[in-house]
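Participant: Quick one, input.txt (compact mmCIF, C-alpha atoms and all ligand atoms):
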# COMPACT_ATOMS: atom_id res chain seq x y z
CA MET A 26 -2.14 7.06 -4.45
CA PHE A 27 1.37 5.63 -4.41
CA ILE A 28 4.23 7.36 -6.11
CA ASP A 29 6.22 4.24 -7.05
CA LYS A 30 4.12 3.63 -10.11
CA TYR A 31 5.08 7.07 -11.42
CA ILE A 32 8.77 6.81 -10.73
CA SER A 33 9.90 3.20 -11.00
CA GLY A 34 6.84 1.61 -12.60
CA ALA A 35 7.67 -1.11 -15.11
CA GLU A 36 5.45 0.31 -17.81
CA PRO A 37 6.25 3.83 -19.02
CA VAL A 38 3.30 6.19 -19.26
CA ARG A 39 2.05 6.42 -22.86
CA GLY A 40 0.65 9.78 -23.83
CA LYS A 41 -3.02 10.02 -24.83
CA ILE A 42 -3.90 12.03 -27.92
CA LEU A 43 -7.34 13.08 -29.14
CA LEU A 44 -7.60 13.72 -32.89
CA VAL A 45 -10.39 16.11 -33.86
CA ASP A 46 -11.25 16.69 -37.50
CA ASP A 47 -14.45 16.67 -39.55
CA GLN A 48 -12.58 15.00 -42.47
CA VAL A 49 -11.99 11.29 -41.97
CA VAL A 50 -8.99 11.33 -44.25
CA ASN A 51 -7.15 13.81 -42.01
CA ILE A 52 -7.83 11.70 -38.94
CA LYS A 53 -6.56 8.63 -40.78
CA ILE A 54 -3.26 10.28 -41.71
CA LEU A 55 -2.57 11.39 -38.13
CA HIS A 56 -3.72 8.10 -36.69
CA GLN A 57 -1.31 6.18 -38.88
CA LEU A 58 1.54 8.50 -37.96
CA LEU A 59 0.98 8.38 -34.19
CA GLN A 60 -0.63 5.07 -33.28
CA ASP A 61 2.64 3.23 -32.49
CA ASP A 62 3.72 5.77 -29.88
CA TYR A 63 0.50 6.98 -28.28
CA ASP A 64 -3.00 5.93 -27.27
CA ILE A 65 -5.22 7.55 -29.87
CA TYR A 66 -8.84 8.73 -29.51
CA MET A 67 -10.90 10.37 -32.25
CA ALA A 68 -13.74 12.87 -32.59
CA ARG A 69 -15.51 14.08 -35.75
CA ASP A 70 -16.99 17.33 -34.42
CA GLY A 71 -16.59 19.89 -31.66
CA ASN A 72 -19.22 18.57 -29.30
CA GLN A 73 -17.87 15.06 -29.54
CA ALA A 74 -14.38 16.44 -28.88
CA ILE A 75 -15.49 18.14 -25.65
CA GLU A 76 -17.29 15.00 -24.53
CA MET A 77 -14.26 12.81 -25.28
CA CYS A 78 -11.95 15.18 -23.44
CA LYS A 79 -13.99 14.86 -20.29
CA LYS A 80 -14.19 11.10 -20.65
CA VAL A 81 -10.62 10.09 -21.56
CA ASN A 82 -8.63 13.04 -20.21
CA PRO A 83 -6.09 13.18 -23.07
CA ASP A 84 -2.68 14.81 -22.71
CA LEU A 85 -2.89 16.47 -26.11
CA VAL A 86 -5.63 17.46 -28.55
CA LEU A 87 -4.87 17.89 -32.24
CA LEU A 88 -7.65 20.25 -33.17
CA ASP A 89 -8.87 21.12 -36.64
CA ILE A 90 -10.02 24.75 -36.96
CA GLU A 91 -12.59 24.61 -39.75
CA MET A 92 -15.47 22.44 -38.58
CA PRO A 93 -19.24 22.91 -38.85
CA ILE A 94 -21.28 24.01 -35.76
CA LEU A 95 -18.45 24.34 -33.22
CA ASN A 96 -15.16 25.31 -34.84
CA GLY A 97 -11.75 24.58 -33.33
CA PHE A 98 -11.53 27.97 -31.58
CA ASP A 99 -14.89 27.39 -29.87
CA VAL A 100 -13.77 23.96 -28.73
CA CYS A 101 -10.44 25.29 -27.39
CA ALA A 102 -12.17 28.09 -25.49
CA HIS A 103 -14.57 25.57 -23.99
CA LEU A 104 -11.78 23.20 -22.90
CA LYS A 105 -9.76 26.02 -21.32
CA ASN A 106 -12.77 27.27 -19.36
CA ASP A 107 -13.61 23.92 -17.80
CA PRO A 108 -11.47 22.99 -14.75
CA ASP A 109 -11.77 19.32 -15.75
CA THR A 110 -10.12 19.86 -19.14
CA GLN A 111 -8.09 23.07 -18.86
CA GLU A 112 -4.72 21.31 -18.42
CA VAL A 113 -4.89 19.54 -21.76
CA ALA A 114 -2.38 20.74 -24.40
CA VAL A 115 -4.02 21.92 -27.62
CA ILE A 116 -2.25 22.00 -30.99
CA PHE A 117 -4.27 23.50 -33.82
CA VAL A 118 -4.09 21.81 -37.19
CA SER A 119 -4.95 24.43 -39.77
CA GLY A 120 -5.40 24.38 -43.52
CA HIS A 121 -2.88 27.02 -44.45
CA PHE A 122 -0.74 29.62 -42.72
CA ASP A 123 -2.82 32.56 -41.47
CA GLU A 124 -1.16 34.84 -38.94
CA ASP A 125 -4.41 36.19 -37.48
CA LYS A 126 -5.62 32.67 -36.85
CA GLU A 127 -2.39 31.70 -35.14
CA VAL A 128 -2.59 34.77 -32.90
CA ARG A 129 -6.14 33.90 -31.96
CA GLY A 130 -5.21 30.28 -31.28
CA PHE A 131 -2.34 31.18 -28.96
CA GLN A 132 -4.55 33.73 -27.18
CA LEU A 133 -7.04 30.96 -26.52
CA GLY A 134 -4.32 28.87 -24.87
CA ALA A 135 -3.03 26.61 -27.66
CA VAL A 136 0.59 25.48 -27.37
CA ASP A 137 1.44 25.11 -31.08
CA PHE A 138 0.25 25.07 -34.70
CA ILE A 139 0.67 22.44 -37.40
CA HIS A 140 -0.22 23.08 -41.03
CA LYS A 141 -1.90 20.76 -43.49
CA PRO A 142 -0.74 18.96 -45.50
CA ILE A 143 1.33 17.85 -42.53
CA ASN A 144 5.03 17.09 -42.68
CA PRO A 145 5.34 13.78 -40.79
CA VAL A 146 8.77 14.44 -39.27
CA ILE A 147 7.94 17.96 -38.04
CA THR A 148 4.53 16.87 -36.78
CA LYS A 149 5.95 13.92 -34.83
CA ALA A 150 8.70 16.07 -33.31
CA ARG A 151 6.31 18.80 -32.18
CA ILE A 152 3.91 16.29 -30.70
CA LYS A 153 6.69 14.44 -28.91
CA ASN A 154 7.90 17.69 -27.30
CA GLN A 155 4.44 18.67 -26.11
CA ILE A 156 3.63 15.22 -24.76
CA ARG A 157 6.92 15.07 -22.87
CA LEU A 158 6.24 18.50 -21.37
CA LYS A 159 2.70 17.57 -20.37
CA LEU A 160 3.70 14.24 -18.76
CA ASN A 161 6.56 15.89 -16.87
CA THR A 162 4.25 18.62 -15.61
CA ASP A 163 1.76 15.99 -14.45
CA LEU A 164 4.53 14.08 -12.70
CA LEU A 165 5.83 17.16 -10.88
CA ARG A 166 2.33 18.09 -9.82
CA THR A 167 1.80 14.59 -8.46
CA ILE A 168 5.13 14.51 -6.63
CA ALA A 169 4.42 17.90 -5.04
CA LEU A 170 1.31 16.47 -3.39
CA ILE A 171 2.63 13.11 -2.23
CA ASP A 172 4.69 12.18 0.80
CA GLY A 173 7.98 10.81 -0.50
CA LEU A 174 8.47 8.24 2.25
CA THR A 175 5.05 6.66 2.55
CA GLY A 176 3.39 7.36 -0.80
CA VAL A 177 0.19 8.76 0.72
CA ALA A 178 -0.91 12.39 0.34
CA ASN A 179 1.34 14.93 2.02
CA ARG A 180 0.43 17.80 4.29
CA ARG A 181 0.16 20.19 1.34
CA GLN A 182 -2.43 18.01 -0.35
CA PHE A 183 -4.32 17.70 2.93
CA GLU A 184 -4.42 21.49 3.18
CA GLN A 185 -5.70 21.76 -0.38
CA VAL A 186 -8.35 19.09 -0.02
CA LEU A 187 -9.77 20.02 3.40
CA PRO A 188 -11.38 23.34 2.31
CA VAL A 189 -12.84 21.64 -0.77
CA SER A 190 -14.39 18.85 1.31
CA TRP A 191 -15.48 21.41 3.87
CA SER A 192 -17.43 23.57 1.44
CA GLN A 193 -18.84 20.54 -0.35
CA CYS A 194 -20.26 19.19 2.93
CA ALA A 195 -21.47 22.68 3.90
CA ARG A 196 -23.33 22.95 0.59
CA GLU A 197 -24.92 19.51 0.99
CA LYS A 198 -25.46 19.89 4.76
CA GLN A 199 -23.57 16.64 5.27
CA PRO A 200 -21.23 15.74 8.14
CA LEU A 201 -17.47 15.83 7.66
CA THR A 202 -15.27 13.62 9.82
CA ILE A 203 -11.57 13.84 10.62
CA ILE A 204 -9.51 10.96 12.02
CA LEU A 205 -6.12 11.82 13.52
CA LEU A 206 -3.80 8.84 13.99
CA ASP A 207 -0.50 8.55 15.86
CA ILE A 208 1.68 5.44 16.10
CA ASP A 209 2.18 4.33 19.71
CA PHE A 210 5.65 4.36 21.26
CA PHE A 211 7.26 5.02 17.92
CA LYS A 212 10.29 6.62 19.51
CA HIS A 213 10.97 3.32 21.28
CA PHE A 214 10.51 1.54 17.94
CA ASN A 215 13.23 3.67 16.33
CA ASP A 216 15.47 3.30 19.37
CA THR A 217 15.06 -0.49 19.27
CA TYR A 218 15.16 -1.30 15.56
CA GLY A 219 16.83 1.75 14.05
CA HIS A 220 15.58 4.59 11.92
CA THR A 221 15.61 2.59 8.67
CA GLU A 222 13.28 -0.04 10.13
CA GLY A 223 11.24 2.87 11.47
CA ASP A 224 10.83 4.13 7.92
CA VAL A 225 9.75 0.69 6.73
CA CYS A 226 7.20 0.58 9.54
CA LEU A 227 5.85 4.01 8.56
CA ARG A 228 5.39 2.82 4.98
CA LEU A 229 3.54 -0.34 6.03
CA VAL A 230 1.29 1.57 8.42
CA ALA A 231 0.52 4.25 5.82
CA GLN A 232 -0.34 1.67 3.17
CA LYS A 233 -2.59 -0.20 5.58
CA ILE A 234 -4.45 2.98 6.52
CA ASN A 235 -4.77 3.84 2.83
CA ASP A 236 -6.18 0.38 2.06
CA THR A 237 -8.69 0.65 4.91
CA VAL A 238 -10.00 4.09 3.96
CA ASN A 239 -11.27 3.62 0.47
CA ARG A 240 -14.29 5.69 -0.50
CA PRO A 241 -13.62 7.83 -3.59
CA TYR A 242 -13.65 11.22 -1.82
CA ASP A 243 -11.78 10.12 1.32
CA LEU A 244 -8.22 11.29 1.77
CA VAL A 245 -5.38 9.76 3.80
CA ALA A 246 -2.42 12.07 4.39
CA ARG A 247 0.78 12.04 6.40
CA PHE A 248 0.21 14.87 8.86
CA GLY A 249 3.65 14.88 10.47
CA GLY A 250 6.38 12.42 11.58
CA GLU A 251 4.37 9.35 12.68
CA GLU A 252 0.96 11.00 12.47
CA PHE A 253 -1.64 10.46 9.77
CA ILE A 254 -4.92 12.22 9.11
CA CYS A 255 -8.03 11.13 7.23
CA ILE A 256 -10.74 13.31 5.72
CA LEU A 257 -14.05 11.49 5.43
CA PRO A 258 -16.75 13.60 3.73
CA ASN A 259 -20.40 12.58 4.10
CA THR A 260 -19.47 10.58 7.20
CA ASP A 261 -20.80 11.16 10.73
CA LEU A 262 -19.12 10.46 14.06
CA ILE A 263 -20.49 6.91 14.27
CA GLY A 264 -19.27 6.07 10.77
CA GLY A 265 -15.92 7.76 11.38
CA THR A 266 -15.43 5.94 14.67
CA TYR A 267 -16.16 2.67 12.89
CA VAL A 268 -13.54 3.41 10.23
CA ALA A 269 -11.02 4.48 12.90
CA GLN A 270 -11.56 1.21 14.78
CA GLN A 271 -10.99 -0.71 11.56
CA ILE A 272 -7.70 1.14 11.10
CA VAL A 273 -6.59 0.48 14.68
CA ASP A 274 -7.43 -3.23 14.32
CA SER A 275 -5.74 -3.49 10.93
CA ILE A 276 -2.47 -2.07 12.29
CA VAL A 277 -2.39 -4.71 15.06
CA SER A 278 -3.06 -7.37 12.43
CA LEU A 279 0.06 -6.29 10.53
CA LYS A 280 1.96 -7.93 13.42
CA ILE A 281 5.00 -5.67 13.14
CA PRO A 282 7.12 -6.72 16.15
CA HIS A 283 7.68 -4.03 18.81
CA ILE A 284 9.38 -5.58 21.84
CA ASN A 285 9.67 -2.24 23.61
CA SER A 286 6.03 -1.24 23.40
CA SER A 287 4.53 -1.20 26.89
CA ILE A 288 1.13 -2.38 25.68
CA SER A 289 1.58 -4.98 22.93
CA ALA A 290 4.08 -7.28 21.24
CA PHE A 291 3.27 -5.49 17.98
CA VAL A 292 3.09 -1.95 16.62
CA THR A 293 -0.20 -0.25 17.49
CA ILE A 294 -1.82 3.08 16.66
CA SER A 295 -4.20 5.44 18.48
CA ALA A 296 -6.98 7.49 16.89
CA GLY A 297 -8.96 10.62 17.69
CA VAL A 298 -12.15 11.28 15.75
CA SER A 299 -14.16 14.47 15.35
CA SER A 300 -17.14 15.32 13.19
CA VAL A 301 -19.21 18.34 12.24
CA VAL A 302 -21.81 19.48 9.74
CA PRO A 303 -19.76 22.40 8.41
CA GLU A 304 -21.05 25.94 7.99
CA TYR A 305 -19.34 28.30 5.57
CA ASP A 306 -18.41 30.79 8.30
CA MET A 307 -16.91 28.18 10.64
CA SER A 308 -13.20 27.34 10.68
CA SER A 309 -12.01 23.80 10.08
CA THR A 310 -9.21 24.32 12.61
CA THR A 311 -11.46 23.47 15.54
CA LEU A 312 -12.32 20.15 13.91
CA ILE A 313 -8.64 19.18 13.85
CA GLU A 314 -8.10 20.47 17.38
CA GLU A 315 -11.00 18.34 18.59
CA ALA A 316 -9.54 15.22 16.88
CA ASP A 317 -6.20 16.02 18.50
CA LYS A 318 -7.88 16.31 21.90
CA GLN A 319 -9.55 12.93 21.41
CA LEU A 320 -6.25 11.42 20.31
CA TYR A 321 -4.62 12.69 23.48
CA ILE A 322 -7.33 11.00 25.58
CA ALA A 323 -6.88 7.77 23.57
CA LYS A 324 -3.16 7.88 24.45
CA ASP A 325 -3.95 8.62 28.07
CA ARG A 326 -6.40 5.73 28.37
CA GLY A 327 -3.85 3.15 27.25
CA ARG A 328 -3.32 3.66 23.46
CA ASN A 329 -4.26 1.16 20.69
CA ARG A 330 -7.79 2.58 20.77
CA VAL A 331 -10.24 5.06 19.26
CA LEU A 332 -11.82 8.04 20.96
CA GLY A 333 -14.33 10.38 19.47
P1 LIG B 1 3.23 8.10 21.74
O1 LIG B 1 2.71 6.71 21.90
O2 LIG B 1 2.88 8.96 22.88
O3 LIG B 1 2.79 8.71 20.45
O4 LIG B 1 4.82 7.97 21.72
P2 LIG B 1 5.80 8.19 20.51
O5 LIG B 1 7.12 7.66 20.90
O6 LIG B 1 5.22 7.59 19.28
O7 LIG B 1 5.77 9.74 20.32
P3 LIG B 1 6.92 10.80 20.17
O8 LIG B 1 6.25 12.03 19.65
O9 LIG B 1 7.70 10.91 21.44
O10 LIG B 1 7.90 10.20 19.09
C1 LIG B 1 7.60 10.18 17.74
C2 LIG B 1 8.77 9.53 17.04
O11 LIG B 1 8.54 9.43 15.62
C3 LIG B 1 10.04 10.29 17.20
C4 LIG B 1 10.62 10.41 15.80
O12 LIG B 1 11.96 10.05 15.77
C5 LIG B 1 9.80 9.43 15.00
N1 LIG B 1 9.68 9.83 13.61
C6 LIG B 1 9.08 10.93 13.11
N2 LIG B 1 9.22 10.98 11.77
C7 LIG B 1 9.92 9.88 11.41
C8 LIG B 1 10.39 9.36 10.17
O13 LIG B 1 10.19 9.92 9.09
N3 LIG B 1 11.07 8.18 10.19
C9 LIG B 1 11.31 7.52 11.36
N4 LIG B 1 11.97 6.36 11.31
N5 LIG B 1 10.89 7.99 12.54
C10 LIG B 1 10.21 9.14 12.58
MG MG B 2 -12.14 20.80 -41.07
MG MG B 3 3.32 12.00 17.45
MG MG B 4 3.44 8.47 18.52
MG MG B 5 0.66 15.18 18.82
Represent the structure from my file as structure tokens, please.

Facilitator:
Amino acid sequence: MFIDKYISGAEPVRGKILLVDDQVVNIKILHQLLQDDYDIYMARDGNQAIEMCKKVNPDLVLLDIEMPILNGFDVCAHLKNDPDTQEVAVIFVSGHFDEDKEVRGFQLGAVDFIHKPINPVITKARIKNQIRLKLNTDLLRTIALIDGLTGVANRRQFEQVLPVSWSQCAREKQPLTIILLDIDFFKHFNDTYGHTEGDVCLRLVAQKINDTVNRPYDLVARFGGEEFICILPNTDLIGGTYVAQQIVDSIVSLKIPHINSSISAFVTISAGVSSVVPEYDMSSTTLIEEADKQLYIAKDRGRNRVLG
């Protein structure tokens, strides 16, 4: 995932709003009011609302309270209990002012209340505030997990994802593979071309690794200075070694000049691979240590190669 699209992307992010009401006329009024500024989705009952939330991941739900079968409170409770939907902002749209209902709504995690018949100016303003807050929160969360220089995951994200992948593979009795990568003679590169060119090189290398590792649950992270690490769930040592070799080859094919590399005219990278079928009571630290050991041997045997 690359951060540029969040920060300097040409198209601003449009908020997504789900309108939930059993009365078509109410949905129509809100739709007309909001359609120019937001992407609008609609649901006519509670179950449909929950389904839509999972599918379109809206930023905000405008939720009617009085509905048959599942009322608005039930829907809100459901959304807030599901990790997939708990971040969504919920504004209740209620028939008339009722303090007990407002208390209940806020206790369930709603962020605001709007009363019918709606006042268009107040409604728009409240929605705008909540959408701005939600999009900013999303942006901060994203930035906190991304390496600012290269745009790939940062160390923090790696540390969050590894235990999740670990327990998922343990549960499914599947192998988990780690690839540790380190650019060869990168100190010489900086000394030769300068630190700014070094940064450009790091970006290009990171993007190439990211393009090469592309299964949905794989992760590429910057592990430290010129080191990168990949998590490959459901991948054994043979598969992981294959991916690592593809990375090593793809970095050579970038043809980034490196006149002071002792082994090539271009920038190269070395890789250490390690794999395990995780058990819950094992530590993932040994897996990383093993990859580091293999990386060290790859360096020792001439660099620009994979060991595992
Ligand atoms: P080896 O082949 O053994 O890995 O040699 P190396 O020179 O790559 O390894 P070493 O650990 O000696 O040097 C790593 C260099 O990476 C030194 C440091 O200045 C550079 N580096 C680390 N982070 C950054 C960064 O963010 N930008 C730039 N331009 N350079 C960085
Ligand atoms: Mg209703
Ligand atoms: Mg290093
Ligand atoms: Mg290095
Ligand atoms: Mg090292």

Participant: Can you list every residue of chain A that has an atom at most 12 Å from ligand MG 2 (chain B), with its nearest atom pair and the distance in Å to one decimal, using all atoms listed in the file, ordered by chain then number, as a tab-separated table?

Facilitator:
residue	atom	partner	partner_atom	distance
A:Leu44	CA	B:MG2	MG	11.7
A:Val45	CA	B:MG2	MG	8.8
A:Asp46	CA	B:MG2	MG	5.5
A:Asp47	CA	B:MG2	MG	5.0
A:Gln48	CA	B:MG2	MG	6.0
A:Val49	CA	B:MG2	MG	9.6
A:Val50	CA	B:MG2	MG	10.5
A:Asn51	CA	B:MG2	MG	8.6
A:Ile52	CA	B:MG2	MG	10.3
A:Ala68	CA	B:MG2	MG	11.7
A:Arg69	CA	B:MG2	MG	9.2
A:Asp70	CA	B:MG2	MG	8.9
A:Gly71	CA	B:MG2	MG	10.4
A:Leu87	CA	B:MG2	MG	11.8
A:Leu88	CA	B:MG2	MG	9.1
A:Asp89	CA	B:MG2	MG	5.5
A:Ile90	CA	B:MG2	MG	6.1
A:Glu91	CA	B:MG2	MG	4.1
A:Met92	CA	B:MG2	MG	4.5
A:Pro93	CA	B:MG2	MG	7.7
A:Ile94	CA	B:MG2	MG	11.0
A:Leu95	CA	B:MG2	MG	10.7
A:Asn96	CA	B:MG2	MG	8.3
A:Gly97	CA	B:MG2	MG	8.6
A:Phe98	CA	B:MG2	MG	11.9
A:Phe117	CA	B:MG2	MG	11.0
A:Val118	CA	B:MG2	MG	9.0
A:Ser119	CA	B:MG2	MG	8.2
A:Gly120	CA	B:MG2	MG	8.0
A:His121	CA	B:MG2	MG	11.7
A:Lys141	CA	B:MG2	MG	10.5

Participant: May I ask you to write as a list in words all residues lying at most 12 Å from ligand MG 5 (chain B), with all atoms listed in the file counted?

Facilitator: Leu205, Leu206, Asp207, Ile208, Asp209, Phe248, Gly249, Gly250, Glu251, Glu252, Phe253, Ile254, Ser295, Ala296, Gly297, Ile313, Glu314, Ala316, Asp317, Lys318, Gln319, Leu320, Tyr321, Ile322, Ala323 and Lys324 of chain A

Participant: Could you write out as JSON the box around region 234-250 of chain A (axis-aligned, all atoms listed in the file, 6 Å on each side), with centre and edge lengths in Å to one decimal?

Facilitator:
{"center_x": -4.0, "center_y": 7.6, "center_z": 4.0, "size_x": 32.7, "size_y": 26.5, "size_z": 27.2}

Participant: Neighbouring residues of region 298-308 of chain A were defined as those with any atom within 7 Å, considering only C-alpha atoms; residues of the same chain fewer than 6 positions away were excluded. Please report them as number ranges by chain.

Facilitator: A: 191-192, 194-195, 198-205, 261-262, 265-266, 315-316, 319, 332-333

Participant: Within 10 Å of region 278-285 of chain A, counting only C-alpha atoms, which residues qualify if same-chain residues fewer than 4 places away don't, as a ChimeraX atom specification?

Facilitator: /A:210-218,226,229-230,233,272-274,289-293

Participant: Between CA of Ala135 (chain A) and CA of Asp99 (chain A), measure the distance and give it in Å to one decimal.

Facilitator: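 Value for the CA of Ala135 (chain A)-CA of Asp99 (chain A) distance: 12.1 Å.
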
Participant: What does the distance between CA of Leu244 (chain A) and CA of Gly264 (chain A) come to in Å, to one decimal place?

Facilitator: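 Atom-to-atom, CA of Leu244 (chain A) to CA of Gly264 (chain A), that is 15.2 Å.
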
Participant: Can you pull out every residue within 12 Å of Asn239 (chain A), counting all atoms listed in the file, but drop anything in the same chain fewer than 6 positions away, and send it as a ChimeraX atom specification?

Facilitator: /A:26,232-233,245,255-258,268,271-272

Participant: Just how far from CA of Asp325 (chain A) is atom O1 of ligand LIG 1 (chain B), in Å to one decimal?

Facilitator: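 According to the coordinates, atom O1 of ligand LIG 1 (chain B) and CA of Asp325 (chain A) are separated by 9.3 Å.
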
Participant: With distances taken over all atoms listed in the file, which residue among A:Val86, A:Leu58, A:Ile65, A:Ala246 lies nearest Leu187 (chain A)?

Facilitator: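 Smallest distance to Leu187 (chain A) is found for A:Ala246.
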
Participant: Please determine, counting all atoms listed in the file, which residue among A:Leu170, A:Leu55, A:Ile234, A:Val38 has the shortest atom-to-atom distance to Pro145 (chain A).

Facilitator: A:Leu55

Participant: Nearest residue to Arg328 (chain A) out of A:Leu312, A:Ser286, A:Asp137, A:Arg151, using all atoms listed in the file?

Facilitator: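 Among the listed residues, A:Ser286 lies closest to Arg328 (chain A).
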